[in-house]
file final_37.json (JSON, C-alpha atoms and all ligand atoms)
[["chain", "number", "residue", "atom", "x", "y", "z"],
["A", 1, "MET", "CA", -57.03, -4.27, 3.89],
["A", 2, "LYS", "CA", -58.03, -3.33, 7.35],
["A", 3, "MET", "CA", -61.50, -2.01, 6.52],
["A", 4, "LYS", "CA", -62.45, -5.16, 4.67],
["A", 5, "LYS", "CA", -61.30, -7.35, 7.48],
["A", 6, "ILE", "CA", -63.19, -5.36, 10.02],
["A", 7, "MET", "CA", -66.27, -5.39, 7.85],
["A", 8, "ALA", "CA", -66.05, -9.12, 7.32],
["A", 9, "ALA", "CA", -65.87, -9.56, 11.04],
["A", 10, "VAL", "CA", -68.85, -7.28, 11.39],
["A", 11, "LEU", "CA", -70.92, -9.27, 8.96],
["A", 12, "ALA", "CA", -70.13, -12.47, 10.76],
["A", 13, "GLY", "CA", -70.94, -10.75, 14.01],
["A", 14, "ALA", "CA", -74.27, -9.52, 12.76],
["A", 15, "MET", "CA", -75.37, -13.10, 12.41],
["A", 16, "ALA", "CA", -73.92, -14.21, 15.68],
["A", 17, "VAL", "CA", -75.80, -11.51, 17.52],
["A", 18, "SER", "CA", -79.07, -11.98, 15.77],
["A", 19, "MET", "CA", -78.94, -15.68, 16.50],
["A", 20, "CYS", "CA", -78.17, -15.46, 20.15],
["A", 21, "GLY", "CA", -79.96, -12.22, 20.98],
["A", 22, "CYS", "CA", -78.53, -11.25, 24.30],
["A", 23, "GLY", "CA", -75.33, -13.18, 24.55],
["A", 24, "ASP", "CA", -74.12, -15.79, 26.89],
["A", 25, "SER", "CA", -71.47, -14.39, 29.15],
["A", 26, "LYS", "CA", -69.41, -17.54, 29.07],
["A", 27, "ALA", "CA", -69.12, -17.52, 25.30],
["A", 28, "ALA", "CA", -67.58, -14.11, 25.22],
["A", 29, "ALA", "CA", -65.47, -14.27, 28.36],
["A", 30, "THR", "CA", -61.93, -13.12, 28.69],
["A", 31, "THR", "CA", -60.19, -13.98, 25.49],
["A", 32, "SER", "CA", -57.08, -12.05, 24.61],
["A", 33, "ALA", "CA", -57.41, -8.33, 24.39],
["A", 34, "ALA", "CA", -56.70, -8.33, 20.69],
["A", 35, "ALA", "CA", -55.62, -10.30, 17.70],
["A", 36, "GLY", "CA", -52.67, -7.96, 17.37],
["A", 37, "SER", "CA", -49.66, -8.37, 19.57],
["A", 38, "SER", "CA", -48.92, -4.79, 20.51],
["A", 39, "THR", "CA", -52.06, -4.35, 22.56],
["A", 40, "ALA", "CA", -51.65, -7.57, 24.42],
["A", 41, "ALA", "CA", -48.16, -6.46, 25.34],
["A", 42, "ALA", "CA", -49.34, -3.04, 26.40],
["A", 43, "ALA", "CA", -52.19, -4.49, 28.40],
["A", 44, "SER", "CA", -50.08, -6.94, 30.33],
["A", 45, "THR", "CA", -47.58, -4.26, 31.21],
["A", 46, "ALA", "CA", -50.45, -2.23, 32.51],
["A", 47, "ALA", "CA", -51.67, -5.19, 34.53],
["A", 48, "ALA", "CA", -48.56, -5.11, 36.64],
["A", 49, "SER", "CA", -50.09, -2.49, 38.86],
["A", 50, "THR", "CA", -53.41, -3.20, 40.53],
["A", 51, "ALA", "CA", -55.70, -0.38, 41.44],
["A", 52, "ALA", "CA", -56.83, -0.16, 45.02],
["A", 53, "GLY", "CA", -60.24, 1.46, 44.89],
["A", 54, "GLU", "CA", -61.64, 3.56, 47.68],
["A", 55, "GLY", "CA", -64.59, 1.63, 49.07],
["A", 56, "THR", "CA", -65.99, -1.44, 47.40],
["A", 57, "SER", "CA", -68.60, -1.81, 44.76],
["A", 58, "LYS", "CA", -70.94, -4.73, 45.23],
["A", 59, "ALA", "CA", -71.09, -4.99, 41.44],
["A", 60, "ILE", "CA", -67.58, -6.45, 41.42],
["A", 61, "ALA", "CA", -67.60, -8.18, 44.81],
["A", 62, "ASP", "CA", -67.53, -11.47, 42.90],
["A", 63, "GLY", "CA", -64.30, -10.42, 41.17],
["A", 64, "VAL", "CA", -66.02, -10.22, 37.80],
["A", 65, "LEU", "CA", -66.91, -7.13, 35.83],
["A", 66, "THR", "CA", -69.72, -8.13, 33.50],
["A", 67, "VAL", "CA", -69.68, -5.83, 30.52],
["A", 68, "GLY", "CA", -72.42, -5.35, 27.97],
["A", 69, "THR", "CA", -71.67, -4.24, 24.45],
["A", 70, "ASN", "CA", -73.24, -4.28, 21.00],
["A", 71, "ALA", "CA", -70.54, -5.64, 18.74],
["A", 72, "GLU", "CA", -71.93, -4.00, 15.63],
["A", 73, "PHE", "CA", -69.91, -0.84, 15.70],
["A", 74, "PRO", "CA", -66.45, -1.12, 14.19],
["A", 75, "PRO", "CA", -63.76, -0.19, 15.07],
["A", 76, "PHE", "CA", -65.05, 0.17, 18.63],
["A", 77, "GLU", "CA", -66.68, -3.26, 18.77],
["A", 78, "TYR", "CA", -67.30, -6.07, 16.33],
["A", 79, "VAL", "CA", -67.30, -9.85, 16.49],
["A", 80, "ASP", "CA", -63.98, -11.39, 15.54],
["A", 81, "ASP", "CA", -63.19, -14.51, 13.61],
["A", 82, "ASN", "CA", -63.68, -16.71, 16.67],
["A", 83, "GLY", "CA", -67.07, -15.24, 17.43],
["A", 84, "ASP", "CA", -65.74, -13.11, 20.29],
["A", 85, "PRO", "CA", -66.33, -9.39, 20.68],
["A", 86, "ASP", "CA", -63.21, -7.39, 19.89],
["A", 87, "GLY", "CA", -62.38, -3.80, 19.05],
["A", 88, "PHE", "CA", -61.14, -0.67, 20.78],
["A", 89, "ASP", "CA", -63.78, -0.66, 23.52],
["A", 90, "ILE", "CA", -63.32, -4.35, 24.29],
["A", 91, "ALA", "CA", -59.55, -3.99, 24.56],
["A", 92, "LEU", "CA", -60.01, -0.88, 26.68],
["A", 93, "ILE", "CA", -62.41, -2.45, 29.16],
["A", 94, "LYS", "CA", -60.18, -5.52, 29.48],
["A", 95, "ALA", "CA", -57.24, -3.26, 30.26],
["A", 96, "ILE", "CA", -59.41, -1.41, 32.78],
["A", 97, "GLY", "CA", -60.39, -4.74, 34.36],
["A", 98, "GLU", "CA", -56.74, -5.71, 34.68],
["A", 99, "LYS", "CA", -55.97, -2.43, 36.42],
["A", 100, "MET", "CA", -58.88, -3.04, 38.78],
["A", 101, "GLY", "CA", -57.86, -6.62, 39.41],
["A", 102, "VAL", "CA", -61.13, -8.11, 38.20],
["A", 103, "LYS", "CA", -62.02, -10.56, 35.49],
["A", 104, "VAL", "CA", -63.86, -9.05, 32.53],
["A", 105, "GLU", "CA", -66.72, -10.92, 30.87],
["A", 106, "VAL", "CA", -68.26, -9.43, 27.77],
["A", 107, "GLN", "CA", -71.89, -9.96, 26.81],
["A", 108, "ASN", "CA", -73.00, -9.03, 23.33],
["A", 109, "MET", "CA", -76.55, -7.69, 23.15],
["A", 110, "GLU", "CA", -78.71, -5.23, 21.29],
["A", 111, "PHE", "CA", -77.63, -1.65, 21.67],
["A", 112, "ASP", "CA", -81.11, -0.59, 22.68],
["A", 113, "SER", "CA", -81.09, -3.04, 25.63],
["A", 114, "LEU", "CA", -77.79, -1.94, 27.15],
["A", 115, "VAL", "CA", -78.87, 0.90, 29.41],
["A", 116, "SER", "CA", -81.78, -1.02, 30.91],
["A", 117, "SER", "CA", -79.56, -4.07, 31.50],
["A", 118, "ILE", "CA", -77.09, -2.18, 33.67],
["A", 119, "GLY", "CA", -77.38, -3.24, 37.30],
["A", 120, "ASN", "CA", -79.18, -6.46, 36.44],
["A", 121, "LYS", "CA", -77.82, -8.44, 33.46],
["A", 122, "ILE", "CA", -74.59, -6.48, 33.25],
["A", 123, "ASP", "CA", -72.47, -4.32, 35.55],
["A", 124, "VAL", "CA", -71.41, -1.75, 32.98],
["A", 125, "ALA", "CA", -71.73, -1.06, 29.27],
["A", 126, "ILE", "CA", -69.04, -0.02, 26.83],
["A", 127, "ALA", "CA", -70.41, 0.48, 23.34],
["A", 128, "GLY", "CA", -69.25, 3.76, 21.85],
["A", 129, "MET", "CA", -72.01, 5.06, 24.03],
["A", 130, "THR", "CA", -72.56, 8.80, 24.03],
["A", 131, "ILE", "CA", -73.21, 10.59, 27.30],
["A", 132, "THR", "CA", -76.73, 12.02, 27.06],
["A", 133, "ASP", "CA", -78.97, 13.71, 29.61],
["A", 134, "GLU", "CA", -81.67, 11.14, 29.02],
["A", 135, "ARG", "CA", -79.33, 8.21, 29.75],
["A", 136, "LYS", "CA", -77.98, 10.06, 32.79],
["A", 137, "GLU", "CA", -81.42, 9.79, 34.32],
["A", 138, "THR", "CA", -80.93, 6.01, 34.50],
["A", 139, "VAL", "CA", -77.18, 5.43, 34.65],
["A", 140, "ASP", "CA", -73.94, 7.14, 35.59],
["A", 141, "PHE", "CA", -71.02, 7.54, 33.22],
["A", 142, "SER", "CA", -67.26, 7.31, 33.57],
["A", 143, "ASP", "CA", -65.09, 10.18, 32.46],
["A", 144, "PRO", "CA", -65.36, 10.55, 28.69],
["A", 145, "TYR", "CA", -62.76, 8.62, 26.68],
["A", 146, "TYR", "CA", -63.46, 9.52, 23.05],
["A", 147, "GLU", "CA", -65.00, 12.40, 21.15],
["A", 148, "ALA", "CA", -67.32, 11.54, 18.30],
["A", 149, "LEU", "CA", -69.69, 13.06, 15.78],
["A", 150, "GLN", "CA", -72.58, 11.70, 13.73],
["A", 151, "TYR", "CA", -71.77, 11.22, 10.02],
["A", 152, "VAL", "CA", -74.09, 10.75, 7.05],
["A", 153, "ILE", "CA", -73.56, 7.81, 4.71],
["A", 154, "VAL", "CA", -74.93, 8.52, 1.23],
["A", 155, "PRO", "CA", -74.83, 6.76, -2.12],
["A", 156, "SER", "CA", -72.08, 8.21, -4.29],
["A", 157, "GLY", "CA", -73.43, 11.12, -6.27],
["A", 158, "SER", "CA", -76.26, 11.77, -3.81],
["A", 159, "ALA", "CA", -77.60, 15.33, -3.71],
["A", 160, "ILE", "CA", -77.53, 15.20, 0.09],
["A", 161, "LYS", "CA", -74.80, 17.57, 1.21],
["A", 162, "SER", "CA", -76.04, 19.58, 4.16],
["A", 163, "ALA", "CA", -78.75, 19.82, 6.81],
["A", 164, "ALA", "CA", -81.42, 21.30, 4.52],
["A", 165, "ASP", "CA", -81.05, 18.36, 2.12],
["A", 166, "LEU", "CA", -82.36, 15.95, 4.77],
["A", 167, "SER", "CA", -85.88, 17.32, 4.28],
["A", 168, "GLY", "CA", -88.10, 14.77, 2.57],
["A", 169, "LYS", "CA", -85.63, 11.95, 3.20],
["A", 170, "ASN", "CA", -86.00, 8.47, 4.62],
["A", 171, "ILE", "CA", -83.06, 8.15, 6.99],
["A", 172, "GLY", "CA", -81.65, 4.91, 8.36],
["A", 173, "THR", "CA", -80.24, 4.77, 11.89],
["A", 174, "GLN", "CA", -79.41, 2.20, 14.54],
["A", 175, "LEU", "CA", -82.24, 1.80, 17.03],
["A", 176, "GLY", "CA", -81.73, 3.63, 20.28],
["A", 177, "THR", "CA", -78.61, 5.53, 19.21],
["A", 178, "THR", "CA", -78.03, 9.25, 19.22],
["A", 179, "GLY", "CA", -78.38, 9.13, 15.43],
["A", 180, "ASP", "CA", -81.87, 7.70, 15.95],
["A", 181, "LEU", "CA", -82.64, 10.51, 18.41],
["A", 182, "ILE", "CA", -81.37, 13.18, 16.03],
["A", 183, "VAL", "CA", -83.56, 11.90, 13.22],
["A", 184, "GLN", "CA", -86.58, 11.57, 15.52],
["A", 185, "ASP", "CA", -86.03, 15.18, 16.42],
["A", 186, "LEU", "CA", -85.75, 16.20, 12.75],
["A", 187, "ALA", "CA", -88.93, 14.29, 11.97],
["A", 188, "SER", "CA", -90.80, 16.00, 14.76],
["A", 189, "LYS", "CA", -89.97, 19.37, 13.20],
["A", 190, "ASP", "CA", -90.30, 18.35, 9.55],
["A", 191, "SER", "CA", -93.02, 15.83, 8.77],
["A", 192, "THR", "CA", -91.38, 14.93, 5.44],
["A", 193, "VAL", "CA", -88.45, 13.35, 7.28],
["A", 194, "THR", "CA", -88.75, 9.62, 8.11],
["A", 195, "ASP", "CA", -86.66, 7.88, 10.75],
["A", 196, "SER", "CA", -86.02, 4.23, 9.88],
["A", 197, "PRO", "CA", -84.28, 2.56, 12.83],
["A", 198, "TYR", "CA", -82.56, -0.80, 12.27],
["A", 199, "ASP", "CA", -81.08, -3.26, 14.74],
["A", 200, "THR", "CA", -77.62, -2.53, 13.35],
["A", 201, "ALA", "CA", -76.01, 0.11, 11.16],
["A", 202, "ALA", "CA", -74.87, -2.65, 8.78],
["A", 203, "LEU", "CA", -78.50, -3.57, 8.12],
["A", 204, "ALA", "CA", -79.33, 0.08, 7.45],
["A", 205, "VAL", "CA", -76.45, 0.22, 4.98],
["A", 206, "GLN", "CA", -77.84, -2.82, 3.17],
["A", 207, "ASP", "CA", -81.13, -1.01, 2.67],
["A", 208, "LEU", "CA", -79.25, 2.09, 1.54],
["A", 209, "LEU", "CA", -77.52, -0.01, -1.11],
["A", 210, "ASN", "CA", -80.91, -1.44, -2.10],
["A", 211, "GLY", "CA", -82.32, 2.06, -2.49],
["A", 212, "LYS", "CA", -84.90, 1.64, 0.26],
["A", 213, "ILE", "CA", -83.60, 4.59, 2.25],
["A", 214, "ASP", "CA", -81.78, 7.80, 1.27],
["A", 215, "CYS", "CA", -78.94, 7.93, 3.78],
["A", 216, "VAL", "CA", -77.74, 6.49, 7.09],
["A", 217, "ILE", "CA", -76.80, 8.55, 10.14],
["A", 218, "ILE", "CA", -74.29, 6.86, 12.42],
["A", 219, "ASP", "CA", -71.13, 7.84, 14.29],
["A", 220, "LYS", "CA", -68.08, 8.87, 12.28],
["A", 221, "ASN", "CA", -65.76, 5.88, 12.65],
["A", 222, "PRO", "CA", -68.37, 3.19, 11.97],
["A", 223, "ALA", "CA", -69.67, 5.31, 9.07],
["A", 224, "GLU", "CA", -66.19, 5.35, 7.59],
["A", 225, "VAL", "CA", -65.66, 1.63, 8.08],
["A", 226, "LEU", "CA", -69.07, 0.74, 6.64],
["A", 227, "SER", "CA", -68.83, 3.03, 3.63],
["A", 228, "ALA", "CA", -65.24, 2.05, 2.88],
["A", 229, "GLN", "CA", -66.60, -1.42, 2.38],
["A", 230, "TYR", "CA", -68.40, -0.18, -0.72],
["A", 231, "THR", "CA", -65.86, 2.14, -2.28],
["A", 232, "GLY", "CA", -67.32, 3.98, -5.23],
["A", 233, "LYS", "CA", -70.86, 3.21, -4.06],
["A", 234, "LEU", "CA", -71.07, 4.97, -0.72],
["A", 235, "SER", "CA", -69.45, 7.90, 0.97],
["A", 236, "ALA", "CA", -69.46, 9.13, 4.55],
["A", 237, "LEU", "CA", -70.12, 12.85, 4.92],
["A", 238, "ASP", "CA", -68.80, 14.90, 7.81],
["A", 239, "GLY", "CA", -71.56, 15.70, 10.29],
["A", 240, "LYS", "CA", -70.32, 19.27, 10.65],
["A", 241, "ALA", "CA", -72.01, 20.05, 7.34],
["A", 242, "PHE", "CA", -75.25, 18.92, 8.99],
["A", 243, "ASP", "CA", -74.77, 20.96, 12.16],
["A", 244, "PHE", "CA", -74.41, 17.86, 14.33],
["A", 245, "GLY", "CA", -72.70, 18.51, 17.65],
["A", 246, "ALA", "CA", -69.75, 16.72, 19.23],
["A", 247, "GLU", "CA", -70.53, 13.69, 21.41],
["A", 248, "ASP", "CA", -68.49, 12.05, 24.16],
["A", 249, "TYR", "CA", -68.21, 8.30, 24.61],
["A", 250, "ALA", "CA", -68.08, 6.96, 28.16],
["A", 251, "ILE", "CA", -68.64, 3.75, 30.08],
["A", 252, "ALA", "CA", -72.14, 3.51, 31.53],
["A", 253, "MET", "CA", -72.62, 2.06, 35.01],
["A", 254, "PRO", "CA", -75.21, 1.76, 37.77],
["A", 255, "LYS", "CA", -76.42, 5.04, 39.15],
["A", 256, "GLY", "CA", -74.88, 5.96, 42.47],
["A", 257, "ASP", "CA", -72.13, 3.31, 42.50],
["A", 258, "THR", "CA", -69.42, 5.85, 43.22],
["A", 259, "ALA", "CA", -66.93, 3.19, 44.32],
["A", 260, "LEU", "CA", -67.14, 1.57, 40.91],
["A", 261, "GLN", "CA", -67.03, 4.91, 39.14],
["A", 262, "THR", "CA", -63.93, 5.95, 41.07],
["A", 263, "GLN", "CA", -62.14, 2.71, 40.26],
["A", 264, "ILE", "CA", -63.02, 2.82, 36.59],
["A", 265, "ASN", "CA", -62.00, 6.46, 36.25],
["A", 266, "LYS", "CA", -58.74, 5.78, 38.03],
["A", 267, "ALA", "CA", -57.97, 2.83, 35.77],
["A", 268, "LEU", "CA", -58.82, 4.93, 32.71],
["A", 269, "ALA", "CA", -56.56, 7.74, 33.89],
["A", 270, "ASP", "CA", -53.73, 5.26, 34.55],
["A", 271, "LEU", "CA", -54.10, 3.76, 31.09],
["A", 272, "LYS", "CA", -53.91, 7.24, 29.59],
["A", 273, "ALA", "CA", -50.85, 8.09, 31.65],
["A", 274, "ASP", "CA", -48.96, 4.89, 30.87],
["A", 275, "GLY", "CA", -49.52, 5.02, 27.11],
["A", 276, "THR", "CA", -51.81, 2.00, 26.87],
["A", 277, "PHE", "CA", -54.79, 4.10, 25.82],
["A", 278, "ASP", "CA", -52.89, 5.76, 22.98],
["A", 279, "ALA", "CA", -51.55, 2.41, 21.85],
["A", 280, "LEU", "CA", -55.12, 1.10, 21.61],
["A", 281, "VAL", "CA", -56.21, 4.18, 19.65],
["A", 282, "LYS", "CA", -53.38, 3.57, 17.21],
["A", 283, "GLN", "CA", -54.06, -0.11, 16.95],
["A", 284, "TYR", "CA", -57.81, -0.08, 16.58],
["A", 285, "ILE", "CA", -58.86, 3.36, 15.45],
["A", 286, "GLU", "CA", -55.99, 4.86, 13.55],
["A", 287, "GLY", "CA", -55.32, 1.33, 12.55],
["A", 288, "SER", "CA", -52.47, -0.96, 11.95],
["A", 289, "ASP", "CA", -53.74, -4.07, 10.22],
["A", 290, "SER", "CA", -54.88, -5.62, 13.45],
["A", 291, "ALA", "CA", -58.55, -6.19, 13.49],
["A", 292, "ALA", "CA", -59.07, -9.92, 13.38],
["A", 293, "ALA", "CA", -60.98, -12.05, 10.93],
["A", 294, "SER", "CA", -60.17, -13.19, 7.46],
["A", 295, "ASP", "CA", -62.67, -12.25, 4.80],
["A", 296, "SER", "CA", -63.33, -15.80, 3.72],
["A", 297, "THR", "CA", -63.98, -17.22, 7.16],
["A", 298, "ALA", "CA", -66.30, -14.41, 8.07],
["A", 299, "ALA", "CA", -68.17, -14.79, 4.80],
["A", 300, "SER", "CA", -68.75, -18.48, 5.31],
["A", 301, "THR", "CA", -69.84, -17.90, 8.88],
["A", 302, "SER", "CA", -72.85, -15.96, 7.81],
["A", 303, "ALA", "CA", -75.38, -17.00, 5.24],
["A", 304, "ALA", "CA", -77.41, -13.84, 5.75],
["A", 305, "ALA", "CA", -74.37, -11.74, 5.06],
["A", 306, "SER", "CA", -73.60, -13.50, 1.81],
["A", 307, "THR", "CA", -74.80, -10.74, -0.44],
["A", 308, "ALA", "CA", -72.64, -8.22, 1.31],
["A", 309, "ALA", "CA", -69.75, -10.63, 1.51],
["A", 310, "GLU", "CA", -69.89, -11.22, -2.22],
["A", 311, "THR", "CA", -69.80, -7.52, -2.83],
["A", 312, "THR", "CA", -66.78, -7.39, -0.59],
["A", 313, "THR", "CA", -65.03, -10.05, -2.59],
["A", 314, "ALA", "CA", -65.94, -8.39, -5.84],
["A", 315, "ALA", "CA", -64.64, -5.07, -4.62],
["A", 316, "LYS", "CA", -61.14, -6.39, -3.94],
["B", 401, "LIG", "N1", -72.75, 6.88, 19.99],
["B", 401, "LIG", "C1", -74.05, 6.46, 19.66],
["B", 401, "LIG", "C2", -74.93, 6.38, 20.88],
["B", 401, "LIG", "O1", -74.48, 6.43, 21.96],
["B", 401, "LIG", "C3", -74.07, 5.14, 18.93],
["B", 401, "LIG", "C4", -73.49, 4.00, 19.68],
["B", 401, "LIG", "C5", -73.74, 2.67, 19.01],
["B", 401, "LIG", "N2", -72.91, 1.67, 19.58],
["B", 401, "LIG", "C6", -72.92, 0.37, 19.28],
["B", 401, "LIG", "N3", -72.07, -0.41, 19.87],
["B", 401, "LIG", "N4", -73.79, -0.10, 18.40],
["B", 401, "LIG", "O2", -76.11, 6.26, 20.79]]

call {"tool": "encode", "arguments": {"input": "final_37.json", "output": "C-alpha cells"}}
result
Amino acid sequence: MKMKKIMAAVLAGAMAVSMCGCGDSKAAATTSAAAGSSTAAAASTAAASTAAGEGTSKAIADGVLTVGTNAEFPPFEYVDDNGDPDGFDIALIKAIGEKMGVKVEVQNMEFDSLVSSIGNKIDVAIAGMTITDERKETVDFSDPYYEALQYVIVPSGSAIKSAADLSGKNIGTQLGTTGDLIVQDLASKDSTVTDSPYDTAALAVQDLLNGKIDCVIIDKNPAEVLSAQYTGKLSALDGKAFDFGAEDYAIAMPKGDTALQTQINKALADLKADGTFDALVKQYIEGSDSAAASDSTAASTSAAASTAAETTTAAK
C-alpha cells in the first residue's frame, strides 16, 4: 500500500529531522533519484543533454547545487528507508541538476528556515513551496511547476464542512506554511479561531488524533497521504469548500540571480518537453507503488513514531 509506505517513511523522517535539525549536506547527497526504476531511467535519459546557461551563476560555480528541503511533506518530500530525502521534488531537482550539469546535494531542514537559508546555507529550496508575495520580497522563484490547494483534515464525523465551521476552532498547521498564514489571517478576523503551528504536519495530525485540536490545514496531497494513514478516523476535505485559493509551487532561489533562474527554468521546460516531468508526476504523485521504505524498518527507526506506527500496523 503506497500510502502506508510513504507514511512510514515520513514517520522515520520526522525523527531523523528532529534529531539533526538542519541537515548535513553530505548525508543527503546525490543518492539515486528514486527507489523506483522508471524515474531513474527517465532521469538518465534526460541527463544526456546538458544545458548551457546564459551567463554564470556564482551559486553553482563550484559545480554543486545545494538544495534545501523539508522532507515532511509526502509525496513531494519525505525521508526514505535509508534516511535520504526522496519524493517528487527531490527527483525533480536531481533531474534539473543533471540537465544543468551540476551535482545536487540535498539538505533537510525545518520548513520555516528555508527561505532565510537561501543564499547562505543553501542555493535553492524545493519544498512544495508556494509562491507568495511575502516570500518574493526575499527570494525569486522559478516558473511554477505544480498547482496546489490547502485541504482540511478532520476527524471522521466532524461537523466541520465549510469556511463558517472554522469559527471557534483550534486549527493545526505546519509552522511557516501558507496554511499557517491562512489560519493567522482567520484568527485576526475572528478571535475564536486559534492557530496552532507545529514543526511538521504529521505532528499536527497526532494532536488531531489525540483530540487536542479540531482540524489540520495543509496542502492537498500531504493531507491525503496523512489522512489515508488513518482510514476511518480522518478525512481530508477539499479546500474549495473553505474558499481557499489555488497556489503554485516553485523553486525558490536567491533574489536577482537571473543566470540561475534562467538555467533552472530551461531545465524545467526541457524536462516537461521530454516527458520526464510527467513520468515523475505519475511515479510519485499519481503513484505507482514506488515510494521507498518498508513499514517495519521505518517503524523501528523511530521510537517517537511508535504510537503512530502501531496504528499503522493495526490498520492493515
Ligand atoms: N505549500 C505550502 C507553503 O508553501 C506548504 C509547504 C510545506 N512544505 C514542506 N516541505 N513541508 O507554505

call {"tool": "residues_near_ligand", "arguments": {"input": "final_37.json", "ligand": "ligand LIG 401 (chain B)", "cutoff": "7 Å", "atoms": "only C-alpha atoms and all ligand atoms", "output": "JSON, numbers by chain"}}
result
{"A": [69, 70, 71, 72, 73, 77, 111, 127, 128, 129, 130, 131, 176, 177, 178, 179, 200, 218, 219, 249]}

call {"tool": "residues_near_point", "arguments": {"input": "final_37.json", "point": "(-66.9, -2.9, 48.5)", "cutoff": "12 Å", "atoms": "all atoms listed in the file", "output": "ChimeraX atom specification"}}
result
/A:52-63,257-260,262-263

call {"tool": "write_last_selection", "arguments": {"input": "final_37.json", "atoms": "C-alpha atoms", "output": "compact mmCIF listing (two decimals), keeping the file's coordinate frame"}}
result
# COMPACT_ATOMS: atom_id res chain seq x y z
CA ALA A 52 -56.83 -0.16 45.02
CA GLY A 53 -60.24 1.46 44.89
CA GLU A 54 -61.64 3.56 47.68
CA GLY A 55 -64.59 1.63 49.07
CA THR A 56 -65.99 -1.44 47.40
CA SER A 57 -68.60 -1.81 44.76
CA LYS A 58 -70.94 -4.73 45.23
CA ALA A 59 -71.09 -4.99 41.44
CA ILE A 60 -67.58 -6.45 41.42
CA ALA A 61 -67.60 -8.18 44.81
CA ASP A 62 -67.53 -11.47 42.90
CA GLY A 63 -64.30 -10.42 41.17
CA ASP A 257 -72.13 3.31 42.50
CA THR A 258 -69.42 5.85 43.22
CA ALA A 259 -66.93 3.19 44.32
CA LEU A 260 -67.14 1.57 40.91
CA THR A 262 -63.93 5.95 41.07
CA GLN A 263 -62.14 2.71 40.26

call {"tool": "atom_distance", "arguments": {"input": "final_37.json", "atom1": "CA of Lys212 in chain A", "atom2": "CA of Ser158 in chain A"}}
result
13.9 Å

call {"tool": "atom_distance", "arguments": {"input": "final_37.json", "atom1": "CA of Thr173 in chain A", "atom2": "CA of Leu237 in chain A"}}
result
14.7 Å

call {"tool": "residues_around", "arguments": {"input": "final_37.json", "residues": "range 154-157 of chain A", "least_positions_apart": "3", "cutoff": "12 Å", "atoms": "all atoms listed in the file", "output": "ChimeraX atom specification"}}
result
/A:151,160-162,165-166,169-172,204-218,223-224,226-228,230-238

call {"tool": "build_atoms", "arguments": {"input": "final_37.json", "residues": "range 220-231 of chain A", "atoms": "N, CA, C and O atoms", "output": "PDB file, keeping the file's coordinate frame"}}
result
ATOM      1  N   LYS A 220     -69.131   8.724  13.281  1.00  0.00           N
ATOM      2  CA  LYS A 220     -68.080   8.870  12.280  1.00  0.00           C
ATOM      3  C   LYS A 220     -67.285   7.593  11.953  1.00  0.00           C
ATOM      4  O   LYS A 220     -67.235   7.180  10.798  1.00  0.00           O
ATOM      5  N   ASN A 221     -66.662   6.991  12.960  1.00  0.00           N
ATOM      6  CA  ASN A 221     -65.760   5.880  12.650  1.00  0.00           C
ATOM      7  C   ASN A 221     -66.483   4.680  12.057  1.00  0.00           C
ATOM      8  O   ASN A 221     -66.036   4.128  11.044  1.00  0.00           O
ATOM      9  N   PRO A 222     -67.609   4.262  12.615  1.00  0.00           N
ATOM     10  CA  PRO A 222     -68.370   3.190  11.970  1.00  0.00           C
ATOM     11  C   PRO A 222     -68.849   3.592  10.567  1.00  0.00           C
ATOM     12  O   PRO A 222     -68.839   2.773   9.647  1.00  0.00           O
ATOM     13  N   ALA A 223     -69.226   4.854  10.401  1.00  0.00           N
ATOM     14  CA  ALA A 223     -69.670   5.310   9.070  1.00  0.00           C
ATOM     15  C   ALA A 223     -68.541   5.153   8.065  1.00  0.00           C
ATOM     16  O   ALA A 223     -68.760   4.724   6.927  1.00  0.00           O
ATOM     17  N   GLU A 224     -67.326   5.468   8.502  1.00  0.00           N
ATOM     18  CA  GLU A 224     -66.190   5.350   7.590  1.00  0.00           C
ATOM     19  C   GLU A 224     -65.876   3.889   7.280  1.00  0.00           C
ATOM     20  O   GLU A 224     -65.597   3.532   6.136  1.00  0.00           O
ATOM     21  N   VAL A 225     -65.933   3.054   8.315  1.00  0.00           N
ATOM     22  CA  VAL A 225     -65.660   1.630   8.080  1.00  0.00           C
ATOM     23  C   VAL A 225     -66.716   1.036   7.152  1.00  0.00           C
ATOM     24  O   VAL A 225     -66.394   0.340   6.180  1.00  0.00           O
ATOM     25  N   LEU A 226     -67.980   1.330   7.431  1.00  0.00           N
ATOM     26  CA  LEU A 226     -69.070   0.740   6.640  1.00  0.00           C
ATOM     27  C   LEU A 226     -69.033   1.237   5.189  1.00  0.00           C
ATOM     28  O   LEU A 226     -69.212   0.447   4.264  1.00  0.00           O
ATOM     29  N   SER A 227     -68.791   2.527   5.002  1.00  0.00           N
ATOM     30  CA  SER A 227     -68.830   3.030   3.630  1.00  0.00           C
ATOM     31  C   SER A 227     -67.586   2.621   2.855  1.00  0.00           C
ATOM     32  O   SER A 227     -67.649   2.401   1.640  1.00  0.00           O
ATOM     33  N   ALA A 228     -66.466   2.478   3.555  1.00  0.00           N
ATOM     34  CA  ALA A 228     -65.240   2.050   2.880  1.00  0.00           C
ATOM     35  C   ALA A 228     -65.388   0.636   2.314  1.00  0.00           C
ATOM     36  O   ALA A 228     -64.662   0.227   1.415  1.00  0.00           O
ATOM     37  N   GLN A 229     -66.344  -0.071   2.855  1.00  0.00           N
ATOM     38  CA  GLN A 229     -66.600  -1.420   2.380  1.00  0.00           C
ATOM     39  C   GLN A 229     -67.199  -1.411   0.968  1.00  0.00           C
ATOM     40  O   GLN A 229     -67.143  -2.410   0.257  1.00  0.00           O
ATOM     41  N   TYR A 230     -67.749  -0.290   0.595  1.00  0.00           N
ATOM     42  CA  TYR A 230     -68.400  -0.180  -0.720  1.00  0.00           C
ATOM     43  C   TYR A 230     -67.848   1.029  -1.469  1.00  0.00           C
ATOM     44  O   TYR A 230     -68.582   1.916  -1.871  1.00  0.00           O
ATOM     45  N   THR A 231     -66.540   1.030  -1.617  1.00  0.00           N
ATOM     46  CA  THR A 231     -65.860   2.140  -2.280  1.00  0.00           C
ATOM     47  C   THR A 231     -66.477   2.385  -3.649  1.00  0.00           C
ATOM     48  O   THR A 231     -66.726   1.444  -4.399  1.00  0.00           O
TER      49      THR A 231
END
